[in-house]
Amino acid sequence: MQEQPIPDRLKISPFLVFYLIMSMQIGIGVLSYQRVIAKDAGYDAWISILFAGGCIHVILWMIYKIAETVDGDFVTAHKYLTGNLIGKTISSIFIGYFFLYVLAITRTFIEVIQVWMFPELSTFWFSLGFMILCTYIIFGGFRTVVGIALFGLLLPAYLLLTFGWAIEFSNFYNLLPIWDHSVMELLNGSYNMSLTFIGFEIILFIYPFIKEPKKSKKWAHLAVLTTTLIYTILAVITFAYYSEDLLAKQIWPTLTMWKIVEMPFVERFEYIGIANWNLIMLPNVCIAIWISSRLIKRIFNIRQKIGVFFVVSAFLLVINFINTREKISMVNDFFGKIGFGFTFIYIPLLFVAIMIAKSVKKKVKKK
């Protein structure tokens, strides 16, 4: 059956891909990634960030090549390789992937609120309110979701300036000597950035919704470059601010750095930072739910709004069982491994398979 083309009125301009990718990559991981990557790579971990960022540019090039070859999205790519039935079956697995993404980042953010602000906050009632808001946004269509991604990135952007307070108390000699760790330790640091860097792979799922998608390539690569530089600079400031022993004890080093921010009109700036992070998290969750529901529509031929209700209902049911720090860490670790496997292993394998299939189909046509 011929797939229906996406009307131009539902598509987004190429430059908006910049905000989509950045809003997906900048999420809950910003609050704690420094401690995680420093476990293996120490204070050389900023090199690990740059290496991981470089690898992502290669994966992003592969993603665009896949989408251009099949002239469609992730489901189209699988159907191109294995046919309609098997292709849809494989693609259906990734409904769970984005569901797990929503679960991991939302539950982690709720934990931050419970630890730093409201210890008695109900996980379920906060989740319900947040999901109602997300559902309302998603029902506005893909362009509305992209608009939220734009505002969710630009409005809290001032928070980057607040890390300047930490520079006054930083000792950049902490970073010396440079390259004091083995290549394997640096690679482990890059691996531990997986959960933080995940998000750029959405291009495989939204490609048909981009006007003149080839023009969006430069914006996608610019987004990854910008995110990589932000993470690197923030890591360097963090490493200069904390000693290695002290950083190892900080669960959320970014939040702790906000404790020293002093302003005439606010005493506890970390409260403002966490409140603003709610806006940063919103597009993360909306985009992931939209992709899950879009996959449900593409694979099972069910209306996307029904798919949204299904994903949200499943989320509200499952999140109640993730009620301890150990379970939250387990979900994050599990999703980090799956995310790494999908982005750095599965996508390159899919790219190779698509290129081989393209070559074979060309030879068959010539015959």
# chains A, B, ... in the order shown; residues from 1 in each chain; ligands from 1
call {"tool": "residues_around", "arguments": {"residues": "region 265-276 of chain A", "least_positions_apart": "2", "cutoff": "10 Å", "atoms": "only C-alpha atoms", "output": "mmCIF file with N, CA and C atoms, in the first residue's frame"}}
result
data_model
loop_
_atom_site.group_PDB
_atom_site.id
_atom_site.type_symbol
_atom_site.label_atom_id
_atom_site.label_comp_id
_atom_site.auth_asym_id
_atom_site.auth_seq_id
_atom_site.Cartn_x
_atom_site.Cartn_y
_atom_site.Cartn_z
ATOM 1 N N LEU A 31 22.185 17.528 34.655
ATOM 2 C CA LEU A 31 22.302 17.731 36.094
ATOM 3 C C LEU A 31 23.311 16.801 36.756
ATOM 4 N N PHE A 109 13.500 13.317 36.879
ATOM 5 C CA PHE A 109 13.191 14.724 37.181
ATOM 6 C C PHE A 109 12.311 14.839 38.423
ATOM 7 N N VAL A 112 14.416 14.546 41.427
ATOM 8 C CA VAL A 112 15.128 15.801 41.720
ATOM 9 C C VAL A 112 14.221 16.751 42.507
ATOM 10 N N ILE A 113 12.979 16.880 42.072
ATOM 11 C CA ILE A 113 12.023 17.759 42.772
ATOM 12 C C ILE A 113 11.784 17.252 44.198
ATOM 13 N N TRP A 116 15.134 17.896 46.328
ATOM 14 C CA TRP A 116 15.585 19.275 46.499
ATOM 15 C C TRP A 116 14.500 20.236 46.964
ATOM 16 N N MET A 117 13.228 19.919 46.643
ATOM 17 C CA MET A 117 12.183 20.910 46.914
ATOM 18 C C MET A 117 11.037 20.372 47.766
ATOM 19 N N GLY A 152 11.225 25.884 24.818
ATOM 20 C CA GLY A 152 11.857 25.133 25.902
ATOM 21 C C GLY A 152 13.367 25.221 25.880
ATOM 22 N N LEU A 155 13.894 30.013 26.232
ATOM 23 C CA LEU A 155 13.495 30.714 27.463
ATOM 24 C C LEU A 155 14.428 30.423 28.651
ATOM 25 N N PRO A 156 14.837 29.144 28.870
ATOM 26 C CA PRO A 156 15.744 28.891 30.006
ATOM 27 C C PRO A 156 17.230 29.049 29.643
ATOM 28 N N ALA A 157 17.538 29.578 28.450
ATOM 29 C CA ALA A 157 18.935 29.656 27.999
ATOM 30 C C ALA A 157 19.791 30.522 28.924
ATOM 31 N N LEU A 159 20.110 30.316 31.919
ATOM 32 C CA LEU A 159 20.717 29.497 32.982
ATOM 33 C C LEU A 159 22.193 29.225 32.721
ATOM 34 N N THR A 162 24.509 31.484 34.580
ATOM 35 C CA THR A 162 24.620 31.340 36.033
ATOM 36 C C THR A 162 25.836 30.513 36.450
ATOM 37 N N THR A 254 25.578 19.738 39.019
ATOM 38 C CA THR A 254 25.112 20.989 38.409
ATOM 39 C C THR A 254 24.219 21.756 39.380
ATOM 40 N N LEU A 255 23.321 21.049 40.051
ATOM 41 C CA LEU A 255 22.429 21.692 41.019
ATOM 42 C C LEU A 255 23.202 22.253 42.206
ATOM 43 N N THR A 256 24.201 21.509 42.646
ATOM 44 C CA THR A 256 24.982 21.953 43.798
ATOM 45 C C THR A 256 25.736 23.235 43.489
ATOM 46 N N MET A 257 26.195 23.386 42.235
ATOM 47 C CA MET A 257 26.898 24.613 41.848
ATOM 48 C C MET A 257 25.978 25.830 41.925
ATOM 49 N N TRP A 258 24.684 25.621 41.712
ATOM 50 C CA TRP A 258 23.732 26.745 41.788
ATOM 51 C C TRP A 258 23.589 27.272 43.209
ATOM 52 N N LYS A 259 24.030 26.522 44.198
ATOM 53 C CA LYS A 259 23.905 26.967 45.591
ATOM 54 C C LYS A 259 24.699 28.241 45.867
ATOM 55 N N ILE A 260 25.743 28.477 45.066
ATOM 56 C CA ILE A 260 26.582 29.651 45.322
ATOM 57 C C ILE A 260 26.096 30.894 44.573
ATOM 58 N N VAL A 261 25.070 30.717 43.731
ATOM 59 C CA VAL A 261 24.546 31.873 42.988
ATOM 60 C C VAL A 261 23.822 32.797 43.962
ATOM 61 N N GLU A 262 24.262 34.055 44.008
ATOM 62 C CA GLU A 262 23.663 35.031 44.917
ATOM 63 C C GLU A 262 23.057 36.179 44.124
ATOM 64 N N MET A 263 21.776 36.439 44.381
ATOM 65 C CA MET A 263 21.081 37.557 43.742
ATOM 66 C C MET A 263 20.268 38.284 44.811
ATOM 67 N N ASN A 278 11.761 22.265 34.350
ATOM 68 C CA ASN A 278 10.459 21.717 33.971
ATOM 69 C C ASN A 278 10.135 22.069 32.515
ATOM 70 N N LEU A 279 10.489 23.295 32.117
ATOM 71 C CA LEU A 279 10.266 23.746 30.748
ATOM 72 C C LEU A 279 11.222 23.061 29.777
ATOM 73 N N ILE A 280 12.426 22.757 30.244
ATOM 74 C CA ILE A 280 13.403 22.054 29.404
ATOM 75 C C ILE A 280 12.971 20.608 29.184
ATOM 76 N N MET A 281 12.385 20.013 30.223
ATOM 77 C CA MET A 281 11.951 18.617 30.141
ATOM 78 C C MET A 281 10.723 18.427 29.265
#
call {"tool": "residues_around", "arguments": {"residues": "region 7-24 of chain A", "least_positions_apart": "6", "cutoff": "7 Å", "atoms": "only C-alpha atoms", "output": "list in words"}}
result
Arg143, Val146, Ala149, Leu150, Leu153, Gly199, Phe200, Phe209, Ile210, Lys211, Glu212, Pro213, Lys215, Ser216, Trp219, Ala220, Leu222, Ala223, Thr227, Pro283 and Asn284 of chain A
call {"tool": "atom_distance", "arguments": {"atom1": "CA of Tyr241 (chain A)", "atom2": "CA of Ile167 (chain A)"}}
result
7.2 Å
call {"tool": "atom_distance", "arguments": {"atom1": "CA of Ile354 (chain A)", "atom2": "CA of Ser292 (chain A)"}}
result
23.1 Å
call {"tool": "residues_around", "arguments": {"residues": "Asp40 (chain A)", "least_positions_apart": "5", "cutoff": "7 Å", "atoms": "only C-alpha atoms", "output": "MDAnalysis selection string"}}
result
chainID A and resid 185 188:189
call {"tool": "write_last_selection", "arguments": {"atoms": "C-alpha atoms", "output": "PDB file, in the first residue's frame"}}
result
ATOM      1  CA  GLU A 185      39.210   4.827  30.167  1.00  0.00           C
ATOM      2  CA  ASN A 188      34.396   4.333  28.819  1.00  0.00           C
ATOM      3  CA  GLY A 189      33.806   8.019  29.582  1.00  0.00           C
TER       4      GLY A 189
END
call {"tool": "closest_residue", "arguments": {"among": "A:Phe310, A:Tyr346, A:Tyr80, A:Phe142", "to": "Trp290 (chain A)", "atoms": "only C-alpha atoms"}}
result
A:Phe142
call {"tool": "residues_around", "arguments": {"residues": "region 123-132 of chain A", "least_positions_apart": "2", "cutoff": "10 Å", "atoms": "only C-alpha atoms", "output": "count of residues only"}}
result
29
call {"tool": "closest_residue", "arguments": {"among": "A:Ala52, A:Ala41, A:Ile59, A:Ile198", "to": "Lys337 (chain A)", "atoms": "only C-alpha atoms"}}
result
A:Ile198
call {"tool": "select_by_dssp", "arguments": {"residues": "region 82-306 of chain A", "states": "alpha helix (DSSP H)", "output": "MDAnalysis selection string"}}
result
chainID A and resid 82 84:116 123:139 142:154 159:162 164:167 183:191 194:197 203:206 217:241 244:248 253:257 269:300 304:306
call {"tool": "write_last_selection", "arguments": {"atoms": "C-alpha atoms", "output": "compact mmCIF listing (two decimals), in the first residue's frame"}}
result
# COMPACT_ATOMS: atom_id res chain seq x y z
CA THR A 82 12.58 -6.79 4.94
CA ASN A 84 5.94 -4.82 5.04
CA LEU A 85 5.16 -7.37 7.77
CA ILE A 86 8.67 -8.00 9.14
CA GLY A 87 9.55 -4.31 8.75
CA LYS A 88 6.59 -3.24 10.87
CA THR A 89 7.33 -5.95 13.46
CA ILE A 90 10.92 -4.72 13.90
CA SER A 91 9.79 -1.09 14.02
CA SER A 92 7.22 -1.84 16.74
CA ILE A 93 10.06 -2.57 19.20
CA PHE A 94 10.95 1.12 19.15
CA ILE A 95 7.57 2.13 20.54
CA GLY A 96 8.95 0.65 23.76
CA TYR A 97 12.27 2.46 23.27
CA PHE A 98 10.66 5.91 23.35
CA PHE A 99 8.27 4.86 26.10
CA LEU A 100 11.28 3.91 28.22
CA TYR A 101 12.88 7.26 27.35
CA VAL A 102 9.82 9.10 28.72
CA LEU A 103 9.80 6.91 31.82
CA ALA A 104 13.52 7.36 32.59
CA ILE A 105 13.76 11.13 32.22
CA THR A 106 10.41 11.97 33.83
CA ARG A 107 10.95 9.78 36.89
CA THR A 108 14.47 11.15 37.33
CA PHE A 109 13.19 14.72 37.18
CA ILE A 110 10.48 13.94 39.74
CA GLU A 111 13.18 12.53 42.01
CA VAL A 112 15.13 15.80 41.72
CA ILE A 113 12.02 17.76 42.77
CA GLN A 114 11.38 15.36 45.69
CA VAL A 115 14.98 15.55 46.97
CA TRP A 116 15.59 19.27 46.50
CA THR A 123 4.89 10.85 41.93
CA PHE A 124 1.54 9.88 40.44
CA TRP A 125 -0.24 13.24 40.76
CA PHE A 126 2.72 15.20 39.39
CA SER A 127 2.98 12.71 36.52
CA LEU A 128 -0.74 13.00 35.82
CA GLY A 129 -0.60 16.81 35.63
CA PHE A 130 2.52 16.71 33.48
CA MET A 131 1.01 14.12 31.11
CA ILE A 132 -2.21 16.14 30.73
CA LEU A 133 -0.08 19.12 29.63
CA CYS A 134 1.97 16.95 27.24
CA THR A 135 -1.19 15.41 25.76
CA TYR A 136 -2.70 18.87 25.19
CA ILE A 137 0.47 19.98 23.36
CA ILE A 138 0.72 16.83 21.22
CA PHE A 139 -2.93 17.11 20.19
CA PHE A 142 3.73 18.18 15.30
CA ARG A 143 4.29 21.88 14.59
CA THR A 144 3.00 22.71 18.09
CA VAL A 145 5.43 20.19 19.60
CA VAL A 146 8.28 21.82 17.65
CA GLY A 147 7.17 25.25 18.92
CA ILE A 148 7.40 23.99 22.51
CA ALA A 149 10.90 22.65 21.72
CA LEU A 150 11.89 26.12 20.49
CA PHE A 151 10.60 27.91 23.60
CA GLY A 152 11.86 25.13 25.90
CA LEU A 153 15.36 25.83 24.63
CA LEU A 154 15.36 29.63 24.31
CA LEU A 159 20.72 29.50 32.98
CA LEU A 160 24.00 28.99 31.12
CA LEU A 161 25.17 32.39 32.41
CA THR A 162 24.62 31.34 36.03
CA GLY A 164 29.81 31.97 35.68
CA TRP A 165 29.47 32.26 39.48
CA ALA A 166 31.36 28.97 39.85
CA ILE A 167 34.38 30.26 37.87
CA VAL A 183 42.41 5.33 25.77
CA MET A 184 40.10 2.64 27.17
CA GLU A 185 39.21 4.83 30.17
CA LEU A 186 38.44 7.73 27.85
CA LEU A 187 36.26 5.46 25.70
CA ASN A 188 34.40 4.33 28.82
CA GLY A 189 33.81 8.02 29.58
CA SER A 190 32.36 8.47 26.07
CA TYR A 191 30.14 5.42 26.59
CA SER A 194 25.23 7.87 25.94
CA LEU A 195 22.17 8.67 28.08
CA THR A 196 23.02 12.37 28.03
CA PHE A 197 23.63 12.60 24.26
CA ILE A 203 15.68 12.55 12.65
CA LEU A 204 14.99 8.96 11.54
CA PHE A 205 11.41 9.33 12.79
CA ILE A 206 10.56 12.91 11.80
CA LYS A 217 21.57 18.61 7.50
CA LYS A 218 23.70 21.62 8.38
CA TRP A 219 21.28 22.58 11.16
CA ALA A 220 21.33 19.06 12.60
CA HIS A 221 25.15 18.98 12.65
CA LEU A 222 25.26 22.50 14.10
CA ALA A 223 22.90 21.38 16.89
CA VAL A 224 25.13 18.42 17.79
CA LEU A 225 28.21 20.66 17.70
CA THR A 226 26.55 23.27 19.96
CA THR A 227 25.38 20.64 22.44
CA THR A 228 28.84 19.05 22.51
CA LEU A 229 30.49 22.41 23.23
CA ILE A 230 27.96 23.24 25.99
CA TYR A 231 28.56 19.88 27.68
CA THR A 232 32.33 20.24 27.34
CA ILE A 233 32.44 23.78 28.76
CA LEU A 234 30.12 22.87 31.64
CA ALA A 235 32.22 19.77 32.40
CA VAL A 236 35.43 21.85 32.46
CA ILE A 237 33.84 24.37 34.87
CA THR A 238 32.56 21.52 37.06
CA PHE A 239 35.96 19.79 37.15
CA ALA A 240 37.63 23.08 38.07
CA TYR A 241 35.07 23.76 40.80
CA GLU A 244 37.73 14.58 42.19
CA ASP A 245 36.90 13.18 45.64
CA LEU A 246 34.17 15.77 46.19
CA LEU A 247 32.66 15.30 42.71
CA ALA A 248 32.39 11.54 43.34
CA PRO A 253 26.80 18.45 40.68
CA THR A 254 25.11 20.99 38.41
CA LEU A 255 22.43 21.69 41.02
CA THR A 256 24.98 21.95 43.80
CA MET A 257 26.90 24.61 41.85
CA PHE A 269 18.65 29.89 43.05
CA GLU A 270 18.59 26.10 42.64
CA TYR A 271 14.81 26.28 43.17
CA ILE A 272 14.53 28.59 40.17
CA GLY A 273 16.84 26.33 38.19
CA ILE A 274 14.72 23.24 38.91
CA ALA A 275 11.50 25.12 38.09
CA ASN A 276 13.02 26.20 34.77
CA TRP A 277 14.11 22.63 34.10
CA ASN A 278 10.46 21.72 33.97
CA LEU A 279 10.27 23.75 30.75
CA ILE A 280 13.40 22.05 29.40
CA MET A 281 11.95 18.62 30.14
CA LEU A 282 8.60 19.35 28.51
CA PRO A 283 9.73 19.10 24.83
CA ASN A 284 11.81 15.99 25.67
CA VAL A 285 8.70 14.17 26.83
CA CYS A 286 6.35 15.61 24.16
CA ILE A 287 8.62 14.63 21.27
CA ALA A 288 9.17 11.11 22.62
CA ILE A 289 5.43 10.52 23.16
CA TRP A 290 4.68 11.96 19.72
CA ILE A 291 7.16 9.55 18.10
CA SER A 292 5.77 6.57 20.04
CA SER A 293 2.22 7.43 19.01
CA ARG A 294 3.34 8.07 15.42
CA LEU A 295 4.90 4.59 15.31
CA ILE A 296 1.65 3.11 16.64
CA LYS A 297 -0.24 4.88 13.86
CA ARG A 298 2.22 3.77 11.15
CA ILE A 299 2.45 0.16 12.28
CA PHE A 300 -1.05 -0.65 13.54
CA GLN A 304 -2.42 8.91 16.57
CA LYS A 305 -4.55 10.45 19.33
CA ILE A 306 -5.52 6.96 20.50
call {"tool": "closest_residue", "arguments": {"among": "A:Trp252, A:Tyr33, A:Phe321, A:Phe351", "to": "Leu60 (chain A)", "atoms": "only C-alpha atoms"}}
result
A:Phe351
call {"tool": "residues_around", "arguments": {"residues": "Lys65 (chain A)", "least_positions_apart": "3", "cutoff": "12 Å", "atoms": "only C-alpha atoms", "output": "CSV table (one decimal) with N, CA, C and O atoms, in the first residue's frame"}}
result
chain,number,residue,atom,x,y,z
A,58,VAL,N,29.1,11.4,12.8
A,58,VAL,CA,29.2,10.3,11.8
A,58,VAL,C,27.9,9.6,11.8
A,58,VAL,O,27.4,9.3,10.7
A,59,ILE,N,27.3,9.3,13.0
A,59,ILE,CA,26.0,8.6,13.0
A,59,ILE,C,24.9,9.4,12.4
A,59,ILE,O,24.1,8.9,11.7
A,60,LEU,N,25.0,10.7,12.6
A,60,LEU,CA,24.0,11.6,12.0
A,60,LEU,C,24.1,11.6,10.5
A,60,LEU,O,23.0,11.6,9.8
A,61,TRP,N,25.3,11.6,10.0
A,61,TRP,CA,25.4,11.5,8.5
A,61,TRP,C,24.8,10.2,8.0
A,61,TRP,O,24.1,10.2,7.0
A,62,MET,N,25.0,9.1,8.7
A,62,MET,CA,24.4,7.8,8.4
A,62,MET,C,22.9,7.9,8.4
A,62,MET,O,22.2,7.3,7.5
A,68,GLU,N,17.4,9.4,3.2
A,68,GLU,CA,17.4,9.8,1.8
A,68,GLU,C,17.2,8.6,0.9
A,68,GLU,O,16.5,8.7,-0.1
A,69,THR,N,17.9,7.5,1.2
A,69,THR,CA,17.9,6.3,0.4
A,69,THR,C,16.5,5.7,0.3
A,69,THR,O,16.0,5.4,-0.8
A,70,VAL,N,15.8,5.6,1.4
A,70,VAL,CA,14.4,5.0,1.4
A,70,VAL,C,13.3,6.1,1.2
A,70,VAL,O,12.2,5.7,1.1
A,71,ASP,N,13.7,7.3,1.2
A,71,ASP,CA,12.8,8.5,1.1
A,71,ASP,C,11.6,8.3,2.1
A,71,ASP,O,10.5,8.4,1.7
A,72,GLY,N,12.0,8.2,3.3
A,72,GLY,CA,11.0,8.0,4.4
A,72,GLY,C,11.6,8.0,5.7
A,72,GLY,O,12.8,8.3,5.9
A,73,ASP,N,10.8,7.4,6.7
A,73,ASP,CA,11.3,7.4,8.1
A,73,ASP,C,11.8,6.0,8.4
A,73,ASP,O,12.1,5.2,7.6
A,74,PHE,N,11.9,5.8,9.7
A,74,PHE,CA,12.4,4.5,10.3
A,74,PHE,C,11.6,3.3,9.8
A,74,PHE,O,12.2,2.3,9.5
A,77,ALA,N,12.3,2.5,6.3
A,77,ALA,CA,13.7,1.9,6.1
A,77,ALA,C,13.6,0.4,6.4
A,77,ALA,O,14.2,-0.4,5.6
A,203,ILE,N,15.7,12.2,14.1
A,203,ILE,CA,15.7,12.6,12.6
A,203,ILE,C,15.1,11.4,11.8
A,203,ILE,O,14.4,11.6,10.9
A,204,LEU,N,15.5,10.2,12.3
A,204,LEU,CA,15.0,9.0,11.5
A,204,LEU,C,13.5,8.8,11.6
A,204,LEU,O,12.9,8.2,10.8
A,207,TYR,N,11.8,12.6,9.7
A,207,TYR,CA,12.3,13.0,8.4
A,207,TYR,C,11.2,13.5,7.4
A,207,TYR,O,11.4,14.5,6.8
A,213,PRO,N,14.3,18.4,3.3
A,213,PRO,CA,15.1,17.8,4.4
A,213,PRO,C,16.6,17.9,4.2
A,213,PRO,O,17.4,17.9,5.2
A,214,LYS,N,17.1,17.9,3.0
A,214,LYS,CA,18.5,18.0,2.7
A,214,LYS,C,19.1,19.3,3.3
A,214,LYS,O,20.3,19.4,3.7
A,217,LYS,N,20.3,19.3,7.1
A,217,LYS,CA,21.6,18.6,7.5
A,217,LYS,C,22.5,19.5,8.3
A,217,LYS,O,23.0,19.2,9.4
A,347,ILE,N,22.1,1.6,14.4
A,347,ILE,CA,22.0,2.5,13.2
A,347,ILE,C,23.1,2.3,12.2
A,347,ILE,O,22.8,2.2,11.0
A,348,PRO,N,24.4,2.1,12.6
A,348,PRO,CA,25.4,1.8,11.6
A,348,PRO,C,25.1,0.5,10.9
A,348,PRO,O,25.4,0.4,9.7
A,350,LEU,N,22.1,-0.8,10.4
A,350,LEU,CA,21.0,-0.5,9.5
A,350,LEU,C,21.5,0.2,8.2
A,350,LEU,O,21.1,-0.1,7.1
A,351,PHE,N,22.4,1.1,8.4
A,351,PHE,CA,23.0,1.9,7.3
A,351,PHE,C,23.7,1.0,6.3
A,351,PHE,O,23.5,1.0,5.1
A,352,VAL,N,24.5,0.0,6.8
A,352,VAL,CA,25.2,-0.9,6.0
A,352,VAL,C,24.2,-1.8,5.2
A,352,VAL,O,24.4,-2.0,4.0
A,353,ALA,N,23.2,-2.3,5.9
A,353,ALA,CA,22.2,-3.1,5.3
A,353,ALA,C,21.4,-2.4,4.2
A,353,ALA,O,21.2,-2.9,3.1
A,354,ILE,N,21.1,-1.1,4.5
A,354,ILE,CA,20.4,-0.3,3.5
A,354,ILE,C,21.2,-0.1,2.2
A,354,ILE,O,20.7,-0.2,1.1
A,355,MET,N,22.5,0.2,2.4
A,355,MET,CA,23.4,0.4,1.3
A,355,MET,C,23.6,-0.8,0.4
A,355,MET,O,23.6,-0.8,-0.8
A,358,LYS,N,20.3,-1.4,-1.4
A,358,LYS,CA,20.2,-0.4,-2.5
A,358,LYS,C,21.1,-0.9,-3.7
A,358,LYS,O,20.6,-0.8,-4.9
call {"tool": "atom_distance", "arguments": {"atom1": "CA of Ser182 (chain A)", "atom2": "CA of Ile338 (chain A)"}}
result
25.4 Å
call {"tool": "closest_residue", "arguments": {"among": "A:Ile251, A:Phe340, A:Trp46, A:Lys79", "to": "Arg325 (chain A)", "atoms": "only C-alpha atoms"}}
result
A:Ile251
call {"tool": "closest_residue", "arguments": {"among": "A:Val311, A:Phe51, A:Lys249, A:Tyr64", "to": "Ser32 (chain A)", "atoms": "only C-alpha atoms"}}
result
A:Lys249
call {"tool": "closest_residue", "arguments": {"among": "A:Glu168, A:Met330, A:Phe163, A:Trp179", "to": "Ala45 (chain A)", "atoms": "only C-alpha atoms"}}
result
A:Trp179
